[in-house]
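Here's run-v8.cif, which has mmCIF, C-alpha atoms:
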```cif
data_entry
loop_
_atom_site.label_atom_id
_atom_site.label_comp_id
_atom_site.auth_asym_id
_atom_site.auth_seq_id
_atom_site.Cartn_x
_atom_site.Cartn_y
_atom_site.Cartn_z
CA MET A 1 -61.26 25.16 -9.70
CA ILE A 2 -61.56 21.56 -10.90
CA TYR A 3 -58.50 19.30 -10.89
CA LYS A 4 -58.11 16.18 -13.02
CA VAL A 5 -56.93 13.26 -10.89
CA ALA A 6 -55.60 9.78 -11.64
CA ILE A 7 -55.24 6.79 -9.33
CA ALA A 8 -52.54 4.16 -9.79
CA GLY A 9 -53.65 0.95 -8.10
CA ALA A 10 -57.36 1.77 -8.19
CA SER A 11 -58.50 -1.84 -7.71
CA GLY A 12 -56.90 -2.21 -4.26
CA TYR A 13 -58.29 -1.28 -0.85
CA VAL A 14 -56.64 2.15 -0.75
CA GLY A 15 -57.47 2.86 -4.39
CA SER A 16 -61.11 2.00 -3.75
CA GLU A 17 -61.21 4.32 -0.73
CA LEU A 18 -59.66 7.12 -2.78
CA LEU A 19 -62.40 6.62 -5.37
CA ARG A 20 -65.07 6.99 -2.68
CA LEU A 21 -63.57 10.22 -1.40
CA ILE A 22 -62.95 11.64 -4.87
CA ALA A 23 -66.59 10.96 -5.78
CA ASN A 24 -67.64 13.34 -2.98
CA HIS A 25 -64.99 16.02 -3.50
CA PRO A 26 -66.25 19.22 -5.15
CA ASN A 27 -62.93 20.08 -6.80
CA LEU A 28 -61.91 16.72 -8.28
CA ASP A 29 -62.67 15.07 -11.62
CA LEU A 30 -61.58 11.46 -12.05
CA GLY A 31 -59.38 10.65 -15.00
CA ALA A 32 -57.27 7.53 -15.50
CA VAL A 33 -57.59 4.57 -13.15
CA THR A 34 -54.85 1.98 -13.40
CA ALA A 35 -53.99 -1.52 -12.22
CA ASN A 36 -51.57 -4.28 -13.10
CA ASN A 37 -53.16 -7.75 -13.00
CA ASN A 38 -56.65 -6.23 -13.16
CA ALA A 39 -56.00 -3.98 -16.14
CA GLY A 40 -58.81 -4.30 -18.71
CA GLU A 41 -61.49 -4.91 -16.08
CA LYS A 42 -64.26 -2.46 -15.14
CA LEU A 43 -64.08 -0.60 -11.84
CA GLY A 44 -67.53 -1.84 -10.87
CA LEU A 45 -66.02 -5.26 -10.24
CA PHE A 46 -63.80 -3.87 -7.46
CA ALA A 47 -65.76 -0.83 -6.25
CA PRO A 48 -69.45 -1.69 -6.70
CA HIS A 49 -70.34 0.77 -3.92
CA ILE A 50 -69.40 3.70 -6.22
CA PRO A 51 -71.87 3.32 -9.11
CA GLN A 52 -70.86 6.52 -10.92
CA PHE A 53 -67.45 4.99 -11.67
CA ALA A 54 -68.61 1.42 -12.36
CA ASP A 55 -68.10 1.59 -16.14
CA ARG A 56 -64.59 3.06 -15.98
CA GLN A 57 -62.01 0.65 -17.36
CA LEU A 58 -58.75 0.01 -15.58
CA VAL A 59 -55.67 0.56 -17.73
CA GLN A 60 -52.11 -0.62 -17.18
CA THR A 61 -50.10 1.20 -14.51
CA THR A 62 -47.53 3.18 -16.48
CA ALA A 63 -46.22 6.72 -16.19
CA GLU A 64 -47.54 7.36 -19.69
CA ASN A 65 -51.14 6.55 -18.64
CA LEU A 66 -50.83 8.81 -15.57
CA THR A 67 -49.30 11.88 -17.20
CA GLY A 68 -51.52 14.76 -18.27
CA HIS A 69 -53.36 14.89 -14.93
CA ASP A 70 -53.12 17.64 -12.34
CA ILE A 71 -52.92 15.17 -9.45
CA VAL A 72 -51.76 11.55 -9.28
CA PHE A 73 -52.38 9.26 -6.31
CA LEU A 74 -50.03 6.26 -6.12
CA ALA A 75 -51.76 3.42 -4.26
CA LEU A 76 -49.15 0.81 -5.12
CA PRO A 77 -47.19 -1.87 -3.24
CA HIS A 78 -44.07 -0.73 -1.45
CA GLY A 79 -41.16 -0.32 -3.84
CA LYS A 80 -43.36 0.27 -6.89
CA SER A 81 -44.21 3.96 -6.50
CA ALA A 82 -40.67 5.19 -7.14
CA GLU A 83 -40.60 3.43 -10.51
CA ILE A 84 -43.67 5.38 -11.65
CA ALA A 85 -42.97 8.68 -9.89
CA GLY A 86 -39.81 9.23 -11.89
CA GLY A 87 -41.89 9.59 -15.04
CA LEU A 88 -44.33 12.16 -13.61
CA GLY A 89 -42.03 15.17 -13.65
CA GLU A 90 -44.57 17.70 -14.99
CA THR A 91 -47.45 16.59 -12.78
CA LYS A 92 -48.62 19.38 -10.46
CA LEU A 93 -49.05 17.15 -7.40
CA VAL A 94 -48.17 13.51 -6.67
CA LEU A 95 -49.16 11.73 -3.45
CA ASP A 96 -47.66 8.35 -2.62
CA CYS A 97 -49.78 6.14 -0.35
CA GLY A 98 -46.98 3.57 -0.17
CA ALA A 99 -43.77 3.69 1.84
CA ASP A 100 -41.25 4.63 -0.86
CA PHE A 101 -40.70 8.27 0.14
CA ARG A 102 -41.59 8.32 3.87
CA LEU A 103 -38.21 7.75 5.47
CA GLU A 104 -35.34 10.22 5.71
CA SER A 105 -32.76 7.55 6.55
CA SER A 106 -31.52 5.52 3.62
CA SER A 107 -29.98 2.98 6.00
CA ASP A 108 -33.36 2.45 7.72
CA TRP A 109 -35.01 1.98 4.34
CA GLU A 110 -32.44 -0.55 3.18
CA LYS A 111 -32.62 -2.44 6.50
CA TYR A 112 -36.41 -2.79 6.57
CA TYR A 113 -37.26 -2.86 2.85
CA GLY A 114 -34.15 -4.43 1.33
CA SER A 115 -33.75 -2.12 -1.67
CA SER A 116 -32.22 1.23 -2.59
CA HIS A 117 -33.74 4.32 -1.01
CA ALA A 118 -35.70 6.42 -3.52
CA GLY A 119 -35.61 9.69 -1.55
CA THR A 120 -37.79 11.63 0.87
CA TRP A 121 -40.97 13.64 0.17
CA SER A 122 -42.97 15.98 2.41
CA TYR A 123 -44.75 13.98 5.10
CA GLY A 124 -48.55 13.93 4.84
CA LEU A 125 -49.68 14.01 8.47
CA PRO A 126 -50.92 17.59 8.99
CA GLU A 127 -51.50 17.23 12.74
CA LEU A 128 -47.99 15.95 13.51
CA VAL A 129 -46.48 18.03 16.32
CA LEU A 130 -42.90 18.99 15.44
CA GLY A 131 -41.47 19.80 18.85
CA GLN A 132 -40.53 23.47 18.89
CA ALA A 133 -40.77 23.73 15.10
CA GLY A 134 -44.57 23.99 14.92
CA ILE A 135 -46.78 21.53 13.09
CA GLN A 136 -46.46 19.54 9.87
CA ARG A 137 -49.50 21.26 8.33
CA ASP A 138 -47.43 24.40 7.74
CA ARG A 139 -45.00 22.46 5.53
CA LEU A 140 -47.61 20.96 3.23
CA SER A 141 -48.88 24.15 1.60
CA ALA A 142 -45.68 24.44 -0.42
CA SER A 143 -45.35 20.72 -1.25
CA ASN A 144 -46.01 19.07 -4.61
CA ARG A 145 -44.65 15.65 -3.70
CA ILE A 146 -46.21 14.14 -0.56
CA ALA A 147 -45.60 10.82 1.20
CA VAL A 148 -48.71 9.61 3.02
CA PRO A 149 -47.92 7.96 6.41
CA GLY A 150 -48.40 4.31 7.25
CA CYS A 151 -51.73 3.57 8.94
CA ASN A 152 -50.23 2.03 12.08
CA VAL A 153 -47.77 4.90 12.21
CA THR A 154 -50.56 7.46 12.10
CA ALA A 155 -52.33 5.94 15.11
CA ILE A 156 -49.17 5.70 17.21
CA THR A 157 -47.83 9.11 16.20
CA LEU A 158 -51.07 10.92 16.97
CA ALA A 159 -51.22 9.10 20.30
CA LEU A 160 -47.68 9.83 21.50
CA ALA A 161 -46.32 12.97 19.79
CA PRO A 162 -47.91 15.62 22.05
CA ALA A 163 -46.69 13.90 25.23
CA ILE A 164 -43.18 13.61 23.79
CA SER A 165 -43.18 17.21 22.58
CA ALA A 166 -44.18 18.35 26.10
CA GLN A 167 -41.48 16.07 27.63
CA LEU A 168 -44.04 14.28 29.78
CA ILE A 169 -43.13 10.68 28.92
CA ASP A 170 -39.94 8.66 28.59
CA SER A 171 -39.42 8.21 24.84
CA THR A 172 -36.95 5.35 25.40
CA ASP A 173 -39.59 3.03 26.88
CA LEU A 174 -42.61 3.09 24.57
CA VAL A 175 -44.94 0.14 24.02
CA ALA A 176 -47.68 0.04 21.39
CA VAL A 177 -50.02 -2.89 20.78
CA LEU A 178 -52.41 -2.41 17.88
CA SER A 179 -55.56 -4.30 16.94
CA VAL A 180 -55.69 -4.06 13.14
CA GLY A 181 -58.42 -4.96 10.63
CA THR A 182 -57.61 -7.25 7.72
CA SER A 183 -57.65 -4.46 5.11
CA GLY A 184 -54.52 -3.13 6.79
CA ALA A 185 -52.62 -6.09 5.34
CA GLY A 186 -53.57 -5.30 1.72
CA LYS A 187 -55.47 -7.21 -0.93
CA SER A 188 -52.81 -9.64 -2.12
CA LEU A 189 -53.67 -13.28 -1.47
CA LYS A 190 -52.22 -14.49 1.82
CA PRO A 191 -53.26 -17.83 3.32
CA ASP A 192 -53.36 -16.35 6.83
CA LEU A 193 -55.87 -13.70 5.70
CA LEU A 194 -58.44 -16.19 4.42
CA ALA A 195 -61.80 -15.87 6.17
CA SER A 196 -61.46 -19.35 7.62
CA GLU A 197 -58.19 -18.31 9.32
CA VAL A 198 -59.25 -14.84 10.50
CA MET A 199 -62.83 -15.19 11.70
CA GLY A 200 -63.05 -16.01 15.40
CA SER A 201 -59.31 -15.64 15.87
CA ALA A 202 -56.58 -13.07 16.45
CA ARG A 203 -52.87 -13.29 15.71
CA ALA A 204 -49.85 -11.06 16.07
CA TYR A 205 -47.61 -10.33 13.10
CA GLY A 206 -44.49 -8.28 12.43
CA VAL A 207 -43.29 -9.17 15.94
CA GLY A 208 -39.91 -8.62 17.56
CA GLY A 209 -39.30 -5.22 15.99
CA SER A 210 -39.52 -6.60 12.45
CA HIS A 211 -42.50 -4.56 11.23
CA ARG A 212 -41.55 -2.07 8.52
CA HIS A 213 -43.45 0.76 10.21
CA THR A 214 -41.01 0.75 13.15
CA PRO A 215 -38.42 3.20 11.72
CA GLU A 216 -41.19 5.53 10.52
CA ILE A 217 -42.72 5.65 14.01
CA GLU A 218 -39.35 6.42 15.55
CA GLN A 219 -38.64 9.06 12.91
CA ASN A 220 -41.91 10.86 13.67
CA LEU A 221 -41.32 10.81 17.41
CA ARG A 222 -37.86 12.29 16.92
CA TRP A 223 -39.50 15.02 14.84
CA ALA A 224 -41.84 15.55 17.80
CA GLY A 225 -38.85 16.30 20.00
CA ALA A 226 -37.49 13.00 21.31
CA LYS A 227 -33.70 12.90 21.58
CA ALA A 228 -33.76 9.10 21.67
CA VAL A 229 -36.59 6.71 20.85
CA SER A 230 -37.22 3.05 21.58
CA VAL A 231 -40.63 1.65 20.70
CA SER A 232 -41.89 -1.91 21.02
CA PHE A 233 -44.59 -2.09 18.37
CA THR A 234 -46.78 -5.18 17.91
CA PRO A 235 -49.75 -5.27 15.52
CA VAL A 236 -52.44 -7.90 16.09
CA LEU A 237 -54.70 -8.98 13.22
CA VAL A 238 -58.30 -9.14 14.46
CA PRO A 239 -61.53 -10.25 12.74
CA MET A 240 -62.79 -6.90 11.47
CA SER A 241 -62.47 -5.56 7.93
CA ARG A 242 -61.11 -2.13 8.78
CA GLY A 243 -59.94 -0.07 11.73
CA ILE A 244 -57.01 0.28 14.13
CA LEU A 245 -57.10 0.52 17.91
CA ALA A 246 -53.67 1.51 19.23
CA VAL A 247 -52.97 1.06 22.93
CA CYS A 248 -49.78 2.98 23.69
CA THR A 249 -48.06 3.13 27.08
CA ALA A 250 -44.97 4.86 28.45
CA LYS A 251 -43.25 5.67 31.71
CA PRO A 252 -43.86 9.23 32.92
CA ALA A 253 -40.92 11.62 32.70
CA PRO A 254 -39.73 13.67 35.69
CA GLY A 255 -42.20 16.46 36.40
CA PHE A 256 -45.13 14.53 34.95
CA SER A 257 -48.66 15.30 36.07
CA PHE A 258 -51.90 14.14 34.58
CA GLU A 259 -53.14 17.71 34.44
CA ALA A 260 -50.10 18.67 32.34
CA LEU A 261 -50.78 15.70 30.04
CA VAL A 262 -54.36 16.80 29.44
CA ALA A 263 -53.18 20.36 28.78
CA ALA A 264 -50.58 19.14 26.26
CA TYR A 265 -53.19 17.30 24.23
CA GLU A 266 -55.63 20.18 24.42
CA ASN A 267 -52.89 22.47 23.15
CA ALA A 268 -51.97 20.08 20.33
CA TYR A 269 -55.43 18.99 19.19
CA GLY A 270 -57.98 21.35 20.72
CA ARG A 271 -58.57 23.12 17.40
CA GLU A 272 -58.12 20.10 15.14
CA ARG A 273 -61.13 19.07 13.07
CA PHE A 274 -60.01 15.46 12.65
CA VAL A 275 -58.47 14.60 16.03
CA GLN A 276 -60.74 14.33 19.07
CA VAL A 277 -59.57 13.83 22.66
CA LEU A 278 -62.45 12.18 24.47
CA PRO A 279 -63.68 13.19 27.94
CA GLN A 280 -62.28 11.28 30.88
CA GLY A 281 -63.94 7.89 31.29
CA GLN A 282 -64.82 7.58 27.59
CA LEU A 283 -62.70 5.24 25.46
CA PRO A 284 -62.14 5.21 21.69
CA THR A 285 -63.67 2.48 19.53
CA THR A 286 -63.03 1.59 15.91
CA LYS A 287 -66.77 1.56 15.28
CA ALA A 288 -67.06 5.24 16.18
CA VAL A 289 -64.54 6.32 13.51
CA LEU A 290 -65.57 3.88 10.77
CA GLY A 291 -65.66 5.64 7.40
CA SER A 292 -64.48 8.95 8.84
CA ASN A 293 -61.23 10.91 8.70
CA ASN A 294 -61.37 11.25 12.47
CA ALA A 295 -58.97 9.99 15.15
CA GLN A 296 -60.28 9.49 18.67
CA LEU A 297 -57.92 9.57 21.66
CA SER A 298 -58.17 8.89 25.38
CA LEU A 299 -55.68 9.67 28.14
CA SER A 300 -55.14 7.87 31.42
CA TYR A 301 -52.48 7.24 34.06
CA ASP A 302 -52.02 3.94 35.85
CA GLU A 303 -50.53 4.91 39.20
CA HIS A 304 -50.12 1.29 40.27
CA ALA A 305 -48.00 0.36 37.24
CA GLY A 306 -46.50 3.82 36.83
CA ARG A 307 -47.45 4.00 33.12
CA VAL A 308 -49.16 6.62 31.00
CA SER A 309 -51.71 5.16 28.59
CA ILE A 310 -52.89 6.84 25.39
CA ILE A 311 -55.38 4.99 23.19
CA CYS A 312 -56.11 5.98 19.59
CA ALA A 313 -58.76 4.68 17.17
CA ILE A 314 -58.74 5.37 13.44
CA ASP A 315 -60.14 3.89 10.25
CA ASN A 316 -56.98 2.59 8.61
CA LEU A 317 -58.31 3.23 5.10
CA VAL A 318 -59.41 6.83 5.76
CA LYS A 319 -57.41 8.69 8.41
CA GLY A 320 -54.80 5.96 8.06
CA THR A 321 -54.32 6.36 4.29
CA ALA A 322 -56.78 7.74 1.72
CA GLY A 323 -58.26 10.43 3.95
CA ALA A 324 -54.78 11.60 4.93
CA ALA A 325 -53.92 11.80 1.24
CA ILE A 326 -56.98 13.93 0.44
CA GLN A 327 -56.40 16.13 3.51
CA SER A 328 -52.77 16.71 2.48
CA MET A 329 -53.84 17.35 -1.12
CA ASN A 330 -56.30 19.99 0.05
CA LEU A 331 -53.56 21.79 1.98
CA SER A 332 -51.14 21.63 -0.93
CA LEU A 333 -53.70 23.11 -3.34
CA GLY A 334 -54.95 25.77 -0.95
CA LEU A 335 -58.42 24.21 -0.67
CA ALA A 336 -60.42 23.95 2.52
CA GLU A 337 -58.67 21.24 4.53
CA GLU A 338 -61.93 19.37 5.18
CA SER A 339 -63.09 19.29 1.52
CA GLY A 340 -64.37 15.84 0.59
CA LEU A 341 -63.83 14.55 4.12
CA THR A 342 -65.92 13.99 7.22
CA ALA A 343 -65.24 13.53 10.92
CA ILE A 344 -68.53 11.70 11.27
CA GLY A 345 -68.53 7.89 11.47
CA VAL A 346 -71.04 5.76 9.59
CA THR A 347 -72.44 3.92 12.65
CA PRO A 348 -73.67 5.14 16.05
#
```
Could you quickly redo this structure as structure tokens?
Amino acid sequence: MIYKVAIAGASGYVGSELLRLIANHPNLDLGAVTANNNAGEKLGLFAPHIPQFADRQLVQTTAENLTGHDIVFLALPHGKSAEIAGGLGETKLVLDCGADFRLESSSDWEKYYGSSHAGTWSYGLPELVLGQAGIQRDRLSASNRIAVPGCNVTAITLALAPAISAQLIDSTDLVAVLSVGTSGAGKSLKPDLLASEVMGSARAYGVGGSHRHTPEIEQNLRWAGAKAVSVSFTPVLVPMSRGILAVCTAKPAPGFSFEALVAAYENAYGRERFVQVLPQGQLPTTKAVLGSNNAQLSLSYDEHAGRVSIICAIDNLVKGTAGAAIQSMNLSLGLAEESGLTAIGVTP
């Protein structure tokens, strides 16, 4: 079966990545592509690497231009998706790549985003371990409104959830430091993202617990089984265009053993197509997952410091956003989960 799809925000980084994946998906046919400031321009100006869509013209982002499609992807700034989603009532499937519908807590939303909470949709991270309640994949097959996770959140959640579910680490003392490519900050003009400021330099941002992904990370880890969660999360902007390397550490819980840790991750991810736990002594790199929907993990235990270390590498635009959206879409529609996706990186 062929589904007609539309993308709101097609001229941005996530919209462009969705276009690339849609171009290779056997069940998708591209319909409307929308933008705001770039409406009226041709797609080739923003996605020249996808020649088959180069002559498509961007139209204004309105619910009217998005209706009539089977599937709508919302690749819009935070706070904008809810405005459009309300007008898409008859659409078979809507996937929001922004933050509007990720959080269950309205107070967390209002604290970190400063506006009214729009509601909560099904969470689009199929591999998320849900403590004793199974896995998030099982909840997506019946979902027609899906909130795609934040990219930083995906890396940290995949890294820590199995250990928390198995009660092998202390969930009240979690530290995550992430090296993040510039595309993770979006395409809007920011002086600190200019090439002259980024090349040859690295800088932290969203420090001191202020990053908006913090409540989403804590929400996911509670879903994984944590009774209480405290995470110190610091992203660091580094001079690469895409990718996230998350270095996550925690104190071991009573009864911890490294053998049990390895078994927990094998149990959680051993059959997963898009999550790979590397052999001991091999460490994840962003280069190895570039362009793929794959997440690479490594496990270690620092006996001297008494800390468990789990490292995760993902491509923030694929597994971190657009790939997760396509993977969740496939599950919702009953398609093969891997359709249009690959676990193979583009460089050796």
Checklist entry - In Å to one decimal, how far is CA of Leu58 in chain A from CA of Asn36 in chain A? => result 8.7 Å
Item to check | Length of the CA of Glu41 in chain A to CA of Thr67 in chain A vector [Å] | outcome: 20.8 Å
Item to check | Interatomic distance (Å, one decimal) between CA of Asp96 in chain A and CA of Arg273 in chain A | outcome: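 Spanning CA of Asp96 in chain A to CA of Arg273 in chain A is a straight-line distance of 23.3 Å.
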Checklist outcome for this item: If you count all atoms listed in the file, the residue of A:Ser309, A:Ser105, A:Asn294, A:Thr157 closest to Leu125 in chain A turns out to be A:Thr157
Checklist entry - Between A:Lys92, A:Ser81, A:Asp302, A:Leu130, which is the closest to Ala118 in chain A once you count all atoms listed in the file? => result A:Ser81
Next on the checklist: Evaluated on this file, the PyMOL selection byres ((chain A and resi 212) around 12) picks out some residues - which ones are they, written as a PyMOL selection string?
Outcome noted: chain A and resi 78+98-100+102-103+108-114+150-153+205-211+213-218+233-235
Go ahead and write the residues just picked, C-alpha atoms, as a PDB file, in the coordinates of the input.
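What follows is the written file result01.pdb:
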```
ATOM      1  CA  HIS A  78     -44.070  -0.730  -1.450  1.00  0.00           C
ATOM      2  CA  GLY A  98     -46.980   3.570  -0.170  1.00  0.00           C
ATOM      3  CA  ALA A  99     -43.770   3.690   1.840  1.00  0.00           C
ATOM      4  CA  ASP A 100     -41.250   4.630  -0.860  1.00  0.00           C
ATOM      5  CA  ARG A 102     -41.590   8.320   3.870  1.00  0.00           C
ATOM      6  CA  LEU A 103     -38.210   7.750   5.470  1.00  0.00           C
ATOM      7  CA  ASP A 108     -33.360   2.450   7.720  1.00  0.00           C
ATOM      8  CA  TRP A 109     -35.010   1.980   4.340  1.00  0.00           C
ATOM      9  CA  GLU A 110     -32.440  -0.550   3.180  1.00  0.00           C
ATOM     10  CA  LYS A 111     -32.620  -2.440   6.500  1.00  0.00           C
ATOM     11  CA  TYR A 112     -36.410  -2.790   6.570  1.00  0.00           C
ATOM     12  CA  TYR A 113     -37.260  -2.860   2.850  1.00  0.00           C
ATOM     13  CA  GLY A 114     -34.150  -4.430   1.330  1.00  0.00           C
ATOM     14  CA  GLY A 150     -48.400   4.310   7.250  1.00  0.00           C
ATOM     15  CA  CYS A 151     -51.730   3.570   8.940  1.00  0.00           C
ATOM     16  CA  ASN A 152     -50.230   2.030  12.080  1.00  0.00           C
ATOM     17  CA  VAL A 153     -47.770   4.900  12.210  1.00  0.00           C
ATOM     18  CA  TYR A 205     -47.610 -10.330  13.100  1.00  0.00           C
ATOM     19  CA  GLY A 206     -44.490  -8.280  12.430  1.00  0.00           C
ATOM     20  CA  VAL A 207     -43.290  -9.170  15.940  1.00  0.00           C
ATOM     21  CA  GLY A 208     -39.910  -8.620  17.560  1.00  0.00           C
ATOM     22  CA  GLY A 209     -39.300  -5.220  15.990  1.00  0.00           C
ATOM     23  CA  SER A 210     -39.520  -6.600  12.450  1.00  0.00           C
ATOM     24  CA  HIS A 211     -42.500  -4.560  11.230  1.00  0.00           C
ATOM     25  CA  HIS A 213     -43.450   0.760  10.210  1.00  0.00           C
ATOM     26  CA  THR A 214     -41.010   0.750  13.150  1.00  0.00           C
ATOM     27  CA  PRO A 215     -38.420   3.200  11.720  1.00  0.00           C
ATOM     28  CA  GLU A 216     -41.190   5.530  10.520  1.00  0.00           C
ATOM     29  CA  ILE A 217     -42.720   5.650  14.010  1.00  0.00           C
ATOM     30  CA  GLU A 218     -39.350   6.420  15.550  1.00  0.00           C
ATOM     31  CA  PHE A 233     -44.590  -2.090  18.370  1.00  0.00           C
ATOM     32  CA  THR A 234     -46.780  -5.180  17.910  1.00  0.00           C
ATOM     33  CA  PRO A 235     -49.750  -5.270  15.520  1.00  0.00           C
TER      34      PRO A 235
END
```
Checklist entry - Quick one: which residues end up in the PyMOL selection byres ((chain A and resi 340) around 7) for this structure, as a list in words? => result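 Written out, the selection comes to Leu21, Asn24, His25, Pro26, Glu338, Ser339 and Leu341 of chain A.
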Checklist entry - Which of these residues is nearest to Ile2 in chain A, using all atoms listed in the file: A:Leu76, A:Ala263, A:Leu333, A:Gln136? => result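 Smallest separation from Ile2 in chain A among the options: A:Leu333.
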Checklist entry - Which residue out of A:Arg56, A:Lys4, A:His69, A:Arg139 has the minimum interatomic distance to Ser328 in chain A when only C-alpha atoms are used? => result A:Arg139
Next on the checklist: Considering all atoms listed in the file, can you say which of A:Ala75, A:Ile22, A:Val129, A:Ile311 comes closest to Ala147 in chain A?
Outcome noted: A:Ala75
To verify the selection step, state as a short mmCIF file (atom, residue, chain, number, x, y, z; two decimals) with C-alpha atoms, keeping the file's coordinate frame which residues the PyMOL selection byres ((chain A and resi 120) around 7) yields on this input.
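Contents of the output file result_7.cif:
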```
data_model
loop_
_atom_site.label_atom_id
_atom_site.label_comp_id
_atom_site.auth_asym_id
_atom_site.auth_seq_id
_atom_site.Cartn_x
_atom_site.Cartn_y
_atom_site.Cartn_z
CA PHE A 101 -40.70 8.27 0.14
CA ARG A 102 -41.59 8.32 3.87
CA LEU A 103 -38.21 7.75 5.47
CA GLU A 104 -35.34 10.22 5.71
CA GLY A 119 -35.61 9.69 -1.55
CA TRP A 121 -40.97 13.64 0.17
CA SER A 122 -42.97 15.98 2.41
#
```
Starting from 4 Å padding per side, set up an axis-aligned box that covers all listed atoms of range 37-42 of chain A and hand over centre and edge lengths in Å, one decimal, as AutoDock Vina command-line options.
```
--center_x -58.7 --center_y -5.1 --center_z -15.9 --size_x 19.1 --size_y 13.3 --size_z 13.7
```
Next on the checklist: Between A:Val277, A:Leu168, A:Leu174, A:Leu128, which residue has the minimum interatomic distance to Trp223 in chain A, considering only C-alpha atoms?
Outcome noted: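 The closest residue to Trp223 in chain A is A:Leu128.
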Within 10 Å of range 177-184 of chain A, which residues of range 202-228 of chain A come that close, and what is the closest atom pair and distance in Å for each? Count all atoms listed in the file and give it as JSON lines.
```
{"residue": "A:Ala202", "atom": "CA", "partner": "A:Ser179", "partner_atom": "CA", "distance": 8.8}
{"residue": "A:Arg203", "atom": "CA", "partner": "A:Ser179", "partner_atom": "CA", "distance": 9.5}
{"residue": "A:Ala204", "atom": "CA", "partner": "A:Ser179", "partner_atom": "CA", "distance": 8.9}
```
Item to check | Contacts of Ala39 in chain A at 12 Å (all atoms listed in the file; same-chain gap of 6+ positions) as number ranges by chain | outcome: A: 8-11, 32-33, 45-46, 56-62, 65
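Residues with any atom within 10 Å of Leu317 in chain A, counting only C-alpha atoms and excluding same-chain neighbours fewer than 5 positions away, are Tyr13, Val14, Gly15, Ser16, Glu17, Leu18, Cys151, Gly181, Ser183, Gly184, Arg242, Gly243, Ile244, Leu290, Gly291, Ser292, Asn293, Ala322, Gly323 and Ala324 of chain A.
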Serialized selection, C-alpha atoms, as a short mmCIF file (atom, residue, chain, number, x, y, z; two decimals), in the coordinates of the input:
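The resulting file, out.cif, is shown below:
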```cif
data_model
loop_
_atom_site.label_atom_id
_atom_site.label_comp_id
_atom_site.auth_asym_id
_atom_site.auth_seq_id
_atom_site.Cartn_x
_atom_site.Cartn_y
_atom_site.Cartn_z
CA TYR A 13 -58.29 -1.28 -0.85
CA VAL A 14 -56.64 2.15 -0.75
CA GLY A 15 -57.47 2.86 -4.39
CA SER A 16 -61.11 2.00 -3.75
CA GLU A 17 -61.21 4.32 -0.73
CA LEU A 18 -59.66 7.12 -2.78
CA CYS A 151 -51.73 3.57 8.94
CA GLY A 181 -58.42 -4.96 10.63
CA SER A 183 -57.65 -4.46 5.11
CA GLY A 184 -54.52 -3.13 6.79
CA ARG A 242 -61.11 -2.13 8.78
CA GLY A 243 -59.94 -0.07 11.73
CA ILE A 244 -57.01 0.28 14.13
CA LEU A 290 -65.57 3.88 10.77
CA GLY A 291 -65.66 5.64 7.40
CA SER A 292 -64.48 8.95 8.84
CA ASN A 293 -61.23 10.91 8.70
CA ALA A 322 -56.78 7.74 1.72
CA GLY A 323 -58.26 10.43 3.95
CA ALA A 324 -54.78 11.60 4.93
#
```
Next on the checklist: Residues near Val289 in chain A, anyone? I mean within 12 Å using only C-alpha atoms, not counting same-chain ones fewer than 6 positions away, as a ChimeraX atom specification.
Outcome noted: /A:242-245,274-276,295-297,312-320,342-348
Next on the checklist: For Ala305 in chain A, find every residue with an atom within 12 Å (counting only C-alpha atoms), except residues of its own chain fewer than 4 positions away, and show them as number ranges by chain.
Outcome noted: A: 249-252, 300-301, 309
